[in-house]
$ cat upload.cif   # mmCIF, C-alpha atoms and all ligand atoms
data_work
#
loop_
_atom_site.label_atom_id
_atom_site.label_comp_id
_atom_site.auth_asym_id
_atom_site.auth_seq_id
_atom_site.Cartn_x
_atom_site.Cartn_y
_atom_site.Cartn_z
CA MET A 1181 47.01 43.67 29.47
CA ALA A 1182 45.87 43.68 25.81
CA THR A 1183 42.45 44.88 24.67
CA GLY A 1184 40.07 42.45 22.93
CA VAL A 1185 37.12 40.24 23.77
CA SER A 1186 37.41 37.69 26.54
CA LYS A 1187 38.24 34.05 25.87
CA ARG A 1188 34.80 33.18 27.21
CA ALA A 1189 32.94 35.52 24.85
CA GLY A 1190 35.16 34.61 21.92
CA GLN A 1191 34.09 30.99 22.21
CA ILE A 1192 30.36 31.67 21.88
CA ALA A 1193 28.91 30.59 18.54
CA PRO A 1194 26.17 32.91 17.21
CA SER A 1195 22.60 31.58 17.03
CA MET A 1196 22.31 30.13 13.53
CA THR A 1197 18.49 30.37 13.52
CA LEU A 1198 18.57 34.09 14.28
CA LYS A 1199 21.43 34.64 11.81
CA ILE A 1200 19.58 32.98 8.94
CA ASP A 1201 16.36 34.75 9.80
CA ALA A 1202 18.17 38.11 9.79
CA LYS A 1203 19.77 37.32 6.43
CA ALA A 1204 16.42 36.34 4.88
CA LYS A 1205 14.75 39.50 6.27
CA GLU A 1206 17.59 41.64 4.89
CA MET A 1207 17.29 40.06 1.43
CA LYS A 1208 13.53 40.74 1.54
CA GLN A 1209 14.16 44.37 2.46
CA ASN A 1210 16.45 44.61 -0.54
CA GLY A 1211 13.50 43.72 -2.74
CA LEU A 1212 14.17 39.99 -3.22
CA ASP A 1213 11.26 37.57 -3.12
CA VAL A 1214 12.53 35.40 -0.26
CA ILE A 1215 10.66 32.44 1.22
CA GLY A 1216 11.59 32.19 4.89
CA PHE A 1217 11.40 28.65 6.26
CA GLY A 1218 14.11 29.68 8.72
CA ALA A 1219 12.54 31.44 11.64
CA GLY A 1220 10.64 29.65 14.35
CA GLU A 1221 8.22 32.51 14.69
CA PRO A 1222 4.42 32.46 14.26
CA ASP A 1223 3.36 34.67 11.35
CA PHE A 1224 0.11 35.62 13.12
CA ASP A 1225 -0.40 39.00 14.74
CA THR A 1226 -0.57 39.19 18.53
CA PRO A 1227 -4.32 38.93 19.36
CA ALA A 1228 -6.03 42.34 19.71
CA SER A 1229 -7.09 41.82 23.35
CA ILE A 1230 -3.43 41.39 24.34
CA CYS A 1231 -2.40 44.56 22.47
CA ASP A 1232 -5.30 46.37 24.18
CA ALA A 1233 -3.97 45.27 27.56
CA ALA A 1234 -0.58 46.78 26.70
CA ARG A 1235 -2.30 50.10 25.86
CA GLU A 1236 -4.18 49.89 29.16
CA ALA A 1237 -0.90 49.34 31.02
CA LEU A 1238 0.52 52.47 29.43
CA LEU A 1239 -2.57 54.48 30.28
CA LYS A 1240 -2.37 53.24 33.87
CA GLY A 1241 1.24 54.45 34.01
CA MET A 1242 2.80 51.03 34.49
CA THR A 1243 6.12 52.33 33.31
CA ARG A 1244 8.31 51.70 36.32
CA TYR A 1245 10.51 48.91 37.65
CA THR A 1246 8.56 45.89 38.80
CA PRO A 1247 9.79 43.25 41.24
CA VAL A 1248 12.78 41.46 39.67
CA SER A 1249 10.90 38.15 39.36
CA GLY A 1250 7.86 39.83 37.76
CA THR A 1251 4.70 41.52 39.00
CA LEU A 1252 2.60 39.58 41.48
CA HIS A 1253 -0.26 40.01 38.97
CA LEU A 1254 1.66 38.12 36.26
CA ARG A 1255 3.08 35.47 38.57
CA GLU A 1256 -0.44 34.80 39.89
CA ALA A 1257 -1.66 34.56 36.28
CA ILE A 1258 1.10 32.03 35.56
CA CYS A 1259 0.07 30.00 38.63
CA LYS A 1260 -3.55 29.99 37.39
CA LYS A 1261 -2.41 28.92 33.91
CA LEU A 1262 -0.27 26.10 35.30
CA SER A 1263 -3.22 24.89 37.37
CA ARG A 1264 -5.77 25.24 34.52
CA ASP A 1265 -3.69 23.75 31.69
CA ASN A 1266 -1.21 21.49 33.41
CA GLY A 1267 -2.87 20.46 36.68
CA LEU A 1268 0.04 21.93 38.64
CA ASP A 1269 -0.02 23.78 41.92
CA TYR A 1270 2.60 26.55 42.16
CA LYS A 1271 2.86 29.62 44.37
CA PRO A 1272 4.09 33.01 43.05
CA GLY A 1273 7.35 32.50 45.03
CA GLU A 1274 8.07 29.50 42.83
CA ILE A 1275 7.90 31.54 39.60
CA ILE A 1276 10.35 33.93 37.94
CA VAL A 1277 9.60 35.96 34.82
CA SER A 1278 12.44 36.87 32.44
CA ASN A 1279 12.99 38.45 29.01
CA GLY A 1280 11.77 35.46 27.00
CA ALA A 1281 12.19 31.74 27.61
CA LYS A 1282 15.68 31.91 26.12
CA HIS A 1283 16.68 34.32 28.89
CA SER A 1284 14.95 32.09 31.46
CA LEU A 1285 16.94 29.06 30.30
CA SER A 1286 20.20 30.91 30.24
CA ILE A 1287 19.84 32.22 33.81
CA LEU A 1288 18.62 28.84 34.93
CA PHE A 1289 21.79 27.10 33.74
CA GLN A 1290 23.88 29.83 35.38
CA CYS A 1291 22.12 29.07 38.66
CA ILE A 1292 22.21 25.26 38.70
CA LEU A 1293 25.56 24.39 37.08
CA ASN A 1294 29.01 24.26 38.63
CA ASP A 1295 32.05 24.01 36.35
CA GLY A 1296 32.13 20.60 34.70
CA ASP A 1297 28.53 19.67 35.55
CA GLU A 1298 26.86 17.77 32.73
CA VAL A 1299 23.52 18.40 31.07
CA ILE A 1300 22.11 15.63 28.90
CA ILE A 1301 20.66 17.07 25.71
CA PRO A 1302 18.78 14.86 23.26
CA THR A 1303 19.85 15.48 19.68
CA PRO A 1304 18.82 16.86 17.25
CA CYS A 1305 18.49 19.79 19.65
CA TRP A 1306 17.62 23.47 19.56
CA VAL A 1307 20.66 25.60 18.71
CA SER A 1308 20.92 27.49 21.98
CA TYR A 1309 20.94 24.66 24.55
CA PRO A 1310 24.57 23.47 24.18
CA GLU A 1311 25.88 27.01 24.01
CA MET A 1312 23.93 28.11 27.09
CA VAL A 1313 25.22 25.15 29.06
CA ARG A 1314 28.81 25.93 28.03
CA MET A 1315 28.33 29.62 28.87
CA ALA A 1316 27.45 28.50 32.41
CA GLY A 1317 30.59 26.35 32.70
CA GLY A 1318 28.67 23.13 32.09
CA VAL A 1319 29.27 20.32 29.63
CA PRO A 1320 26.60 19.26 27.13
CA VAL A 1321 26.33 15.47 26.81
CA TYR A 1322 24.32 14.34 23.81
CA ALA A 1323 21.75 11.55 23.74
CA ALA A 1324 21.24 10.90 20.06
CA SER A 1325 17.92 10.05 18.48
CA GLY A 1326 16.88 9.40 14.91
CA GLU A 1327 13.91 8.95 12.66
CA ALA A 1328 13.63 5.29 13.66
CA ASP A 1329 12.88 6.39 17.28
CA ASN A 1330 10.59 9.19 16.17
CA PHE A 1331 13.34 11.58 17.30
CA VAL A 1332 13.01 10.64 20.96
CA PRO A 1333 16.20 9.03 22.36
CA THR A 1334 15.80 5.42 23.44
CA ALA A 1335 15.96 4.48 27.10
CA ALA A 1336 19.38 2.89 26.46
CA SER A 1337 20.72 6.04 24.82
CA ILE A 1338 19.54 8.20 27.73
CA GLN A 1339 20.81 5.80 30.35
CA SER A 1340 24.26 5.59 28.82
CA ALA A 1341 24.57 9.39 28.96
CA VAL A 1342 24.08 9.49 32.75
CA THR A 1343 27.23 9.89 34.86
CA ALA A 1344 28.05 11.00 38.41
CA ARG A 1345 28.32 14.58 37.02
CA THR A 1346 24.84 14.67 35.46
CA LYS A 1347 23.09 17.73 36.89
CA ALA A 1348 20.14 18.01 34.52
CA PHE A 1349 18.33 16.57 31.53
CA MET A 1350 17.08 18.97 28.85
CA LEU A 1351 13.59 17.84 27.89
CA THR A 1352 11.77 19.54 25.01
CA SER A 1353 8.40 18.09 24.13
CA PRO A 1354 7.15 19.03 21.57
CA SER A 1355 10.68 19.53 20.35
CA ASN A 1356 12.48 22.07 18.28
CA PRO A 1357 13.73 21.14 15.66
CA CYS A 1358 12.00 17.74 15.22
CA GLY A 1359 8.46 18.34 16.47
CA SER A 1360 8.72 15.08 18.41
CA VAL A 1361 6.43 14.47 21.37
CA TRP A 1362 7.37 12.20 24.26
CA THR A 1363 4.83 9.57 25.34
CA ARG A 1364 3.73 9.27 28.95
CA ASP A 1365 5.80 6.09 29.32
CA GLN A 1366 8.90 7.82 28.00
CA LEU A 1367 8.36 10.70 30.45
CA ALA A 1368 7.84 8.24 33.31
CA PHE A 1369 11.10 6.46 32.46
CA LEU A 1370 13.00 9.76 32.46
CA LEU A 1371 11.47 10.84 35.75
CA GLU A 1372 12.40 7.56 37.42
CA LEU A 1373 15.95 7.83 36.12
CA ALA A 1374 16.19 11.42 37.41
CA GLU A 1375 14.96 10.33 40.81
CA LYS A 1376 17.35 7.40 41.00
CA ASN A 1377 20.35 9.48 39.92
CA ASP A 1378 19.26 12.75 41.53
CA PHE A 1379 19.34 15.19 38.64
CA TYR A 1380 16.99 17.97 37.52
CA ILE A 1381 14.69 17.84 34.53
CA VAL A 1382 14.61 21.14 32.69
CA SER A 1383 11.32 20.92 30.81
CA ASP A 1384 10.98 23.43 27.98
CA GLU A 1385 7.25 23.48 27.24
CA ILE A 1386 7.17 26.48 24.90
CA TYR A 1387 5.38 24.46 22.18
CA GLU A 1388 2.82 22.84 24.53
CA ASN A 1389 -0.16 24.23 22.64
CA PHE A 1390 0.93 22.95 19.24
CA LEU A 1391 0.19 19.23 19.17
CA TYR A 1392 -1.61 17.50 16.31
CA ASP A 1393 -3.76 14.49 15.47
CA GLY A 1394 -5.60 14.78 18.79
CA LEU A 1395 -2.46 14.47 20.98
CA LYS A 1396 -2.53 16.30 24.31
CA HIS A 1397 0.43 17.82 26.13
CA GLN A 1398 1.44 16.43 29.48
CA SER A 1399 3.95 18.25 31.66
CA ILE A 1400 6.46 15.89 33.25
CA ALA A 1401 6.06 17.97 36.43
CA SER A 1402 2.49 16.65 36.76
CA LEU A 1403 3.33 12.96 36.36
CA THR A 1404 3.70 12.16 40.08
CA PRO A 1405 3.23 14.25 43.24
CA GLY A 1406 7.03 14.48 43.65
CA ALA A 1407 7.86 15.31 40.03
CA LYS A 1408 7.56 19.07 40.37
CA HIS A 1409 10.33 19.14 42.99
CA ARG A 1410 12.95 18.10 40.47
CA THR A 1411 11.45 19.80 37.43
CA LEU A 1412 12.33 23.28 36.25
CA LEU A 1413 9.42 24.06 33.98
CA VAL A 1414 10.22 26.66 31.32
CA ASN A 1415 7.55 28.34 29.24
CA GLY A 1416 6.63 31.70 27.75
CA VAL A 1417 4.16 33.57 25.60
CA SER A 1418 6.23 33.88 22.39
CA LYS A 1419 4.82 30.91 20.52
CA SER A 1420 1.37 30.29 22.02
CA TYR A 1421 0.25 33.90 21.65
CA ALA A 1422 2.38 35.07 18.71
CA MET A 1423 4.34 37.36 21.04
CA THR A 1424 7.96 36.72 20.03
CA GLY A 1425 8.90 40.40 20.16
CA TRP A 1426 7.37 41.04 23.57
CA ARG A 1427 10.02 38.96 25.36
CA ILE A 1428 8.26 37.28 28.24
CA GLY A 1429 9.29 33.84 29.48
CA TYR A 1430 9.18 32.18 32.87
CA VAL A 1431 10.39 29.31 35.03
CA ALA A 1432 8.35 27.46 37.65
CA GLY A 1433 10.40 25.39 40.05
CA PRO A 1434 11.72 24.77 43.56
CA ALA A 1435 11.89 28.00 45.57
CA ASP A 1436 15.67 27.77 46.21
CA VAL A 1437 16.47 27.73 42.47
CA ILE A 1438 13.94 30.50 41.78
CA LYS A 1439 15.49 32.60 44.54
CA ALA A 1440 19.00 32.11 43.07
CA MET A 1441 17.66 33.12 39.66
CA ASP A 1442 16.07 36.21 41.20
CA ASN A 1443 19.46 37.20 42.66
CA TYR A 1444 21.19 36.56 39.35
CA GLN A 1445 18.62 38.52 37.37
CA SER A 1446 18.66 41.37 39.91
CA GLN A 1447 22.34 41.93 39.11
CA SER A 1448 22.10 41.43 35.35
CA ALA A 1449 18.76 42.42 33.83
CA SER A 1450 16.33 43.53 36.60
CA ASN A 1451 12.71 42.90 35.64
CA ALA A 1452 11.23 42.03 32.25
CA ASN A 1453 9.41 44.84 30.44
CA SER A 1454 6.54 46.13 32.62
CA ILE A 1455 4.07 46.71 29.75
CA ALA A 1456 4.77 43.29 28.26
CA GLN A 1457 4.22 41.69 31.67
CA TYR A 1458 0.74 43.16 31.88
CA ALA A 1459 -0.04 42.04 28.33
CA ALA A 1460 1.28 38.54 29.09
CA ALA A 1461 -1.12 38.24 32.03
CA GLU A 1462 -3.99 39.03 29.67
CA ALA A 1463 -2.66 36.43 27.21
CA LEU A 1464 -2.65 33.75 29.91
CA LEU A 1465 -5.96 34.64 31.58
CA GLY A 1466 -8.04 35.93 28.65
CA CYS A 1467 -9.95 34.06 25.97
CA GLN A 1468 -7.83 31.20 24.57
CA ASP A 1469 -9.65 30.81 21.22
CA SER A 1470 -6.80 32.32 19.20
CA VAL A 1471 -4.46 29.57 20.42
CA GLU A 1472 -6.71 26.87 19.00
CA GLY A 1473 -7.06 28.89 15.78
CA MET A 1474 -3.27 28.92 15.34
CA ARG A 1475 -2.93 25.26 16.27
CA ASP A 1476 -5.51 24.34 13.68
CA ALA A 1477 -3.76 26.41 10.99
CA PHE A 1478 -0.37 24.88 11.86
CA GLU A 1479 -1.80 21.36 11.60
CA LYS A 1480 -3.06 22.07 8.06
CA ARG A 1481 0.24 23.65 7.07
CA ARG A 1482 2.17 20.68 8.46
CA ASN A 1483 0.07 18.35 6.32
CA THR A 1484 0.68 20.43 3.20
CA MET A 1485 4.41 20.62 3.85
CA VAL A 1486 4.85 16.90 4.56
CA GLN A 1487 2.80 15.91 1.52
CA MET A 1488 4.78 18.17 -0.80
CA ILE A 1489 8.15 17.00 0.57
CA LEU A 1490 7.27 13.36 0.07
CA GLU A 1491 6.56 14.10 -3.60
CA ILE A 1492 10.12 15.36 -4.21
CA PRO A 1493 12.43 12.54 -5.37
CA GLY A 1494 15.52 12.29 -3.15
CA LEU A 1495 13.99 14.11 -0.16
CA SER A 1496 11.93 12.74 2.69
CA CYS A 1497 10.66 13.59 6.16
CA GLN A 1498 8.70 12.26 9.07
CA LYS A 1499 5.36 13.71 9.98
CA PRO A 1500 6.02 15.63 13.22
CA ASP A 1501 3.52 15.42 16.08
CA GLY A 1502 3.98 18.95 17.36
CA ALA A 1503 5.67 22.40 17.26
CA PHE A 1504 5.97 23.98 13.78
CA TYR A 1505 9.04 22.43 12.22
CA VAL A 1506 9.77 19.62 9.79
CA MET A 1507 13.17 17.95 9.57
CA LEU A 1508 13.84 17.59 5.87
CA ASN A 1509 16.01 14.54 5.22
CA ILE A 1510 18.47 15.49 2.46
CA LYS A 1511 20.76 12.45 2.74
CA GLY A 1512 19.46 11.12 -0.58
CA ILE A 1513 20.84 14.06 -2.56
CA LEU A 1514 24.05 14.85 -0.66
CA GLY A 1515 27.07 14.51 -2.94
CA ARG A 1516 25.23 15.85 -5.98
CA TYR A 1517 26.12 19.13 -7.67
CA TYR A 1518 24.24 22.36 -8.23
CA GLY A 1519 25.69 24.89 -10.65
CA GLY A 1520 29.02 23.07 -10.53
CA LYS A 1521 29.17 23.23 -6.74
CA LYS A 1522 29.20 20.05 -4.67
CA ILE A 1523 26.34 19.90 -2.19
CA ASP A 1524 27.82 17.60 0.42
CA THR A 1525 26.65 19.14 3.69
CA SER A 1526 23.45 20.62 5.10
CA MET A 1527 25.21 23.99 5.17
CA ALA A 1528 26.13 23.76 1.46
CA PHE A 1529 22.50 22.81 0.70
CA ALA A 1530 21.09 25.74 2.70
CA ASP A 1531 23.58 28.24 1.23
CA ALA A 1532 22.99 27.20 -2.40
CA LEU A 1533 19.22 27.14 -1.90
CA LEU A 1534 19.17 30.65 -0.45
CA GLU A 1535 21.54 32.03 -3.04
CA ASN A 1536 19.90 30.47 -6.09
CA LYS A 1537 16.22 30.06 -5.17
CA HIS A 1538 15.88 32.61 -2.37
CA VAL A 1539 14.56 30.00 0.04
CA ALA A 1540 15.85 30.15 3.62
CA VAL A 1541 16.14 26.91 5.65
CA VAL A 1542 18.30 26.13 8.68
CA PRO A 1543 21.05 23.54 8.09
CA GLY A 1544 20.80 20.51 10.35
CA ILE A 1545 24.36 21.02 11.56
CA ALA A 1546 22.99 23.87 13.73
CA PHE A 1547 20.95 21.25 15.59
CA GLU A 1548 23.62 18.52 15.73
CA ALA A 1549 21.75 16.86 12.83
CA GLU A 1550 23.88 16.69 9.69
CA GLY A 1551 21.95 15.29 6.73
CA TYR A 1552 18.87 17.35 7.53
CA CYS A 1553 17.58 20.89 7.16
CA ARG A 1554 14.87 22.39 9.35
CA LEU A 1555 11.86 23.99 7.73
CA SER A 1556 9.45 26.08 9.79
CA TYR A 1557 5.82 25.98 8.72
CA ALA A 1558 4.83 29.03 10.72
CA ILE A 1559 4.18 30.77 7.40
CA SER A 1560 1.15 30.83 5.09
CA GLU A 1561 0.01 27.80 3.03
CA ARG A 1562 0.64 29.72 -0.16
CA THR A 1563 4.21 30.55 0.89
CA ILE A 1564 4.81 26.94 1.90
CA GLN A 1565 3.63 25.79 -1.54
CA GLU A 1566 5.78 28.32 -3.36
CA GLY A 1567 8.84 27.49 -1.23
CA LEU A 1568 8.54 23.75 -1.76
CA THR A 1569 7.99 24.24 -5.49
CA ARG A 1570 11.30 26.10 -5.54
CA ILE A 1571 13.01 23.37 -3.48
CA ALA A 1572 11.69 20.73 -5.92
CA ALA A 1573 13.11 22.72 -8.86
CA PHE A 1574 16.43 23.15 -7.01
CA VAL A 1575 16.75 19.41 -6.35
CA SER A 1576 15.70 18.37 -9.83
CA ALA A 1577 18.36 20.66 -11.34
CA MET A 1578 21.10 18.86 -9.38
CA THR A 1579 23.48 16.63 -11.26
CA GLN A 1580 25.47 13.54 -10.27
CA LYS A 1581 28.72 15.04 -11.58
CA ALA A 1582 30.26 18.54 -11.77
CA GLU A 1583 29.40 19.90 -15.20
N1 LIG B 1 12.82 27.08 23.62
C1 LIG B 1 12.65 26.64 22.37
C2 LIG B 1 12.65 25.18 22.12
C3 LIG B 1 12.46 27.54 21.32
O1 LIG B 1 12.28 27.10 20.09
C4 LIG B 1 12.45 28.92 21.60
C5 LIG B 1 12.24 29.87 20.47
N2 LIG B 1 13.19 30.77 20.29
C6 LIG B 1 12.66 29.32 22.92
C7 LIG B 1 12.84 28.38 23.91
C8 LIG B 1 12.75 30.75 23.34
O2 LIG B 1 11.62 31.49 23.11
P1 LIG B 1 11.52 33.01 23.62
O3 LIG B 1 12.86 33.43 24.11
O4 LIG B 1 11.05 33.78 22.45
O5 LIG B 1 10.51 32.99 24.73
N1 LIG B 2 13.11 29.36 18.48
C1 LIG B 2 13.12 29.92 17.18
C2 LIG B 2 13.94 29.07 16.25
O1 LIG B 2 14.51 28.09 16.65
C3 LIG B 2 13.50 31.37 17.15
C4 LIG B 2 14.95 31.71 16.94
C5 LIG B 2 15.78 31.50 18.16
O2 LIG B 2 15.45 32.04 19.20
O3 LIG B 2 16.74 30.74 18.05
O4 LIG B 2 13.98 29.38 15.10
#

$ encode --input "upload.cif" --output "structure tokens"
Amino acid sequence: MATGVSKRAGQIAPSMTLKIDAKAKEMKQNGLDVIGFGAGEPDFDTPASICDAAREALLKGMTRYTPVSGTLHLREAICKKLSRDNGLDYKPGEIIVSNGAKHSLSILFQCILNDGDEVIIPTPCWVSYPEMVRMAGGVPVYAASGEADNFVPTAASIQSAVTARTKAFMLTSPSNPCGSVWTRDQLAFLLELAEKNDFYIVSDEIYENFLYDGLKHQSIASLTPGAKHRTLLVNGVSKSYAMTGWRIGYVAGPADVIKAMDNYQSQSASNANSIAQYAAAEALLGCQDSVEGMRDAFEKRRNTMVQMILEIPGLSCQKPDGAFYVMLNIKGILGRYYGGKKIDTSMAFADALLENKHVAVVPGIAFEAEGYCRLSYAISERTIQEGLTRIAAFVSAMTQKAE
């Protein structure tokens, strides 16, 4: 038997978003003036009341193992939040807390998929979904969408992806990377299809608080009285409360799936961090003003970013309805040259931009969206302006031929 990593581990692609973010942070540490449009991470500090709760937890000696699925205190707080914000009635036994929503999703797929089971994923999609499905033995099946559909797959595209092996549909509204928001009618269509064909809806609602132009989030689990029985609702505190480093995410869903996840987590990670759990309960139950403050700031930043992009010849974008990302359409300049190098892919664009202008963006290929790059606007207005000024200079220095 030879040493070396397993076939399974060897096949896992690294998270491109985290890789680019790490590279940008490293360049910054080395003294370079880097503009980071890469990371999907709020630039705000965690609100003081939440940090105070963490201190209180330490003072109270909450430093021991908690129940695997999370403290009753936090699961009750999650139930209250789901009732208050989403009109949903869950019991603590229908909730499991994990180390961030990414962890929640990954365990979830491990617990619902058998080898060869299919998960329909609308594209462009967040980097980790296809990989997580594959890691659980499942098969990602893409339902493509484009700018013409506002980055929500059409009913025909979704329907044609359904087969006898469909186990789940990956719904993300508002979405990463497109910021698209599904309408009530689109949600109702999906729910009906799921009921007819008996598959789960995994609803990632991590961006639920970041909707713009007066739009309001609706959880698909609340659409009909039966909807919650086939929905696995995923959420967390990372985005809404600027708590990315605290690592608290959760799933609300049918008790049998939650129980399987509890077993899985009990053998792999035990409970999420006890201090962070206490702080997360404060985030969910305490004053919510900071959430609206961030939403308001993101809306202004989105407007600035979109306006500046539309002024750059050769580039374009749609105005997203939610989350904090813009999909920059670079199709108009692909095939041109920068510094003698052909820029013919989103990866070549992102590499040359980082190398020459110190601006980090995520190439669309990471999201199954060649021809685009994702820009996060979870950074200050001033940084957005500086970054887009550099992108404009980068694009205007491109030539039609190698020189
Ligand atoms: N879902 C989506 C769509 C995301 O963008 C993120 C951000 N990384 C996550 C889930 C996971 O968030 P976290 O693990 O920080 O809770
Ligand atoms: N969700 C964020 C992003 O897409 C954070 C990085 C990650 O977890 O992939 O950039």

$ residues_around --input "upload.cif" --residues "Cys1553 in chain A" --least-positions-apart "5" --cutoff "8 Å" --atoms "all atoms listed in the file" --output "ChimeraX atom specification"
/A:1507-1510,1526,1530,1541-1544

$ atom_distance --input "upload.cif" --atom1 "CA of Leu1367 in chain A" --atom2 "CA of Gln1398 in chain A"
9.0 Å

$ atom_distance --input "upload.cif" --atom1 "CA of Cys1467 in chain A" --atom2 "CA of Lys1261 in chain A"
12.1 Å

$ closest_residue --input "upload.cif" --among "A:Pro1272, A:Gly1218, A:Gly1567, A:Gly1317" --to "ligand LIG 2 (chain B)" --atoms "only C-alpha atoms and all ligand atoms"
A:Gly1218

$ atom_distance --input "upload.cif" --atom1 "CA of Ala1503 in chain A" --atom2 "CA of Met1350 in chain A"
16.6 Å

$ residues_around --input "upload.cif" --residues "Lys1282 in chain A" --least-positions-apart "6" --cutoff "10 Å" --atoms "all atoms listed in the file" --output "PyMOL selection string"
chain A and resi 1288+1308-1309+1312+1384+1414-1416+1427-1430

$ residues_around --input "upload.cif" --residues "Ala1577 in chain A" --least-positions-apart "3" --cutoff "8 Å" --atoms "all atoms listed in the file" --output "number ranges by chain"
A: 1518, 1573-1574

$ residues_around --input "upload.cif" --residues "Asp1476 in chain A" --least-positions-apart "2" --cutoff "12 Å" --atoms "all atoms listed in the file" --output "MDAnalysis selection string"
chainID A and resid 1389:1394 1469:1474 1478:1483 1502:1504 1558

$ residues_near_ligand --input "upload.cif" --ligand "ligand LIG 2 (chain B)" --cutoff "8 Å" --atoms "all atoms listed in the file" --output "JSON, numbers by chain"
{"A": [1195, 1196, 1197, 1198, 1201, 1218, 1219, 1220, 1221, 1282, 1306, 1307, 1308, 1356, 1357, 1556]}

$ write_last_selection --input "upload.cif" --atoms "C-alpha atoms" --output "PDB file, in the coordinates of the input"
ATOM      1  CA  SER A1195      22.600  31.580  17.030  1.00  0.00           C
ATOM      2  CA  MET A1196      22.310  30.130  13.530  1.00  0.00           C
ATOM      3  CA  THR A1197      18.490  30.370  13.520  1.00  0.00           C
ATOM      4  CA  LEU A1198      18.570  34.090  14.280  1.00  0.00           C
ATOM      5  CA  ASP A1201      16.360  34.750   9.800  1.00  0.00           C
ATOM      6  CA  GLY A1218      14.110  29.680   8.720  1.00  0.00           C
ATOM      7  CA  ALA A1219      12.540  31.440  11.640  1.00  0.00           C
ATOM      8  CA  GLY A1220      10.640  29.650  14.350  1.00  0.00           C
ATOM      9  CA  GLU A1221       8.220  32.510  14.690  1.00  0.00           C
ATOM     10  CA  LYS A1282      15.680  31.910  26.120  1.00  0.00           C
ATOM     11  CA  TRP A1306      17.620  23.470  19.560  1.00  0.00           C
ATOM     12  CA  VAL A1307      20.660  25.600  18.710  1.00  0.00           C
ATOM     13  CA  SER A1308      20.920  27.490  21.980  1.00  0.00           C
ATOM     14  CA  ASN A1356      12.480  22.070  18.280  1.00  0.00           C
ATOM     15  CA  PRO A1357      13.730  21.140  15.660  1.00  0.00           C
ATOM     16  CA  SER A1556       9.450  26.080   9.790  1.00  0.00           C
TER      17      SER A1556
END

$ residues_near_point --input "upload.cif" --point "(5.3, 33.8, 37.7)" --cutoff "7 Å" --atoms "all atoms listed in the file" --output "mmCIF file with C-alpha atoms, in the frame of the given file"
data_model
loop_
_atom_site.group_PDB
_atom_site.id
_atom_site.type_symbol
_atom_site.label_atom_id
_atom_site.label_comp_id
_atom_site.auth_asym_id
_atom_site.auth_seq_id
_atom_site.Cartn_x
_atom_site.Cartn_y
_atom_site.Cartn_z
ATOM 1 C CA GLY A 1250 7.860 39.830 37.760
ATOM 2 C CA LEU A 1254 1.660 38.120 36.260
ATOM 3 C CA ARG A 1255 3.080 35.470 38.570
ATOM 4 C CA GLU A 1256 -0.440 34.800 39.890
ATOM 5 C CA ILE A 1258 1.100 32.030 35.560
ATOM 6 C CA CYS A 1259 0.070 30.000 38.630
ATOM 7 C CA PRO A 1272 4.090 33.010 43.050
ATOM 8 C CA ILE A 1275 7.900 31.540 39.600
ATOM 9 C CA ILE A 1276 10.350 33.930 37.940
ATOM 10 C CA VAL A 1277 9.600 35.960 34.820
ATOM 11 C CA TYR A 1430 9.180 32.180 32.870
#

$ residues_around --input "upload.cif" --residues "Cys1358 in chain A" --least-positions-apart "6" --cutoff "7 Å" --atoms "all atoms listed in the file" --output "ChimeraX atom specification"
/A:1331,1500,1505-1507

$ residues_near_point --input "upload.cif" --point "(15.5, 15.4, -3.0)" --cutoff "10 Å" --atoms "only C-alpha atoms" --output "list in words"
Ile1489, Leu1490, Glu1491, Ile1492, Pro1493, Gly1494, Leu1495, Ser1496, Leu1508, Asn1509, Ile1510, Lys1511, Gly1512, Ile1513, Leu1514, Ile1571, Ala1572, Ala1573, Phe1574, Val1575, Ser1576 and Met1578 of chain A

$ closest_residue --input "upload.cif" --among "A:Lys1419, A:Lys1396, A:Lys1208, A:Arg1410" --to "ligand LIG 1 (chain B)" --atoms "all atoms listed in the file"
A:Lys1419

$ closest_residue --input "upload.cif" --among "A:Lys1537, A:Arg1188, A:Lys1347, A:His1283" --to "ligand LIG 1 (chain B)" --atoms "only C-alpha atoms and all ligand atoms"
A:His1283

$ closest_residue --input "upload.cif" --among "A:Lys1408, A:Ser1325, A:Ala1452, A:Met1315" --to "Asn1294 in chain A" --atoms "all atoms listed in the file"
A:Met1315
